[in-house]
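Notes to accompany the following structure.
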Amino acid sequence: MAVKYVCRHCQMPLGTFDNADVSEFRLGLHSLTLDERKRIIAYNSNGDVTVRVICDYCNQTLDSNPELALLSNPLQ
């Protein structure tokens, strides 16, 4: 099982844990609400987990241009 982190806006890969011993508790994912888990975590058919977060570039862009957050896909 691998845990892959990707940017939810630009889809840039941000990192991967290939260790099957890494638990959701150690990654801090246990503290998410059920709704947050549905939006952020995807369980793939091969057993991998994809966690959708935001990269530094997209975060800085949204901080500088908050009106972009109103669009469904702000950073195309």
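In the structure tokens, each chain is lettered A, B, ... as it comes, each chain's residues begin at 1, and ligands are numbered from 1 in order of appearance.
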Problem set entry | Surrounding residues of Val3 in chain A excluding itself and chain neighbours under 3 positions, 6 Å, only C-alpha atoms, as a list in words | Thr16, Phe17, Asp48, Val49 and Thr50 of chain A
Would you save the residues of that selection, restricted to C-alpha atoms, as a PDB file, in the first residue's frame?
ATOM      1  CA  THR A  16       4.591   9.250  -1.589  1.00  0.00           C
ATOM      2  CA  PHE A  17       4.912   6.875   1.345  1.00  0.00           C
ATOM      3  CA  ASP A  48      -3.158   2.725  -2.602  1.00  0.00           C
ATOM      4  CA  VAL A  49      -4.484   5.845  -0.936  1.00  0.00           C
ATOM      5  CA  THR A  50      -4.472   9.277  -2.589  1.00  0.00           C
TER       6      THR A  50
END
For this session: Please identify which residues in chain A DSSP calls strand (DSSP E or B) from the backbone, and express them as a list of chain:residue names.
Result: A:Val3, A:Lys4, A:Tyr5, A:Val6, A:Cys7, A:Pro13, A:Leu14, A:Gly15, A:Thr16, A:Phe17, A:Ile41, A:Ala42, A:Tyr43, A:Val49, A:Thr50, A:Val51, A:Arg52, A:Val53
For this session: Compile the contact shell of range 20-30 of chain A as a ChimeraX atom specification: residues with an atom at most 9 Å away, counting only C-alpha atoms, same-chain residues fewer than 4 positions apart removed.
Result: /A:1-3,37,41
Exercise. Neighbours of Val6 in chain A within 7 Å (only C-alpha atoms; same-chain residues fewer than 2 positions away dropped), as a PyMOL selection string?
Worked result: chain A and resi 4+8+11-14+51-53
For this session: Give me the residues within 8 Å of range 56-65 of chain A as a PyMOL selection string, counting only C-alpha atoms and dropping any in the same chain fewer than 2 places off.
Result: chain A and resi 9-10+54+67-69+75
Hey, can you spit out that residue selection with C-alpha atoms as a PDB file, in the first residue's frame?
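Saved the output as selection-v2.pdb:
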ATOM      1  CA  HIS A   9      -5.829  22.023  -7.923  1.00  0.00           C
ATOM      2  CA  CYS A  10      -2.880  21.422 -10.265  1.00  0.00           C
ATOM      3  CA  ILE A  54      -2.803  21.968  -1.796  1.00  0.00           C
ATOM      4  CA  GLU A  67     -11.643  35.576  -5.724  1.00  0.00           C
ATOM      5  CA  LEU A  68     -10.298  32.492  -7.522  1.00  0.00           C
ATOM      6  CA  ALA A  69     -11.723  30.321  -4.726  1.00  0.00           C
ATOM      7  CA  LEU A  75      -6.081  27.046 -11.238  1.00  0.00           C
TER       8      LEU A  75
END
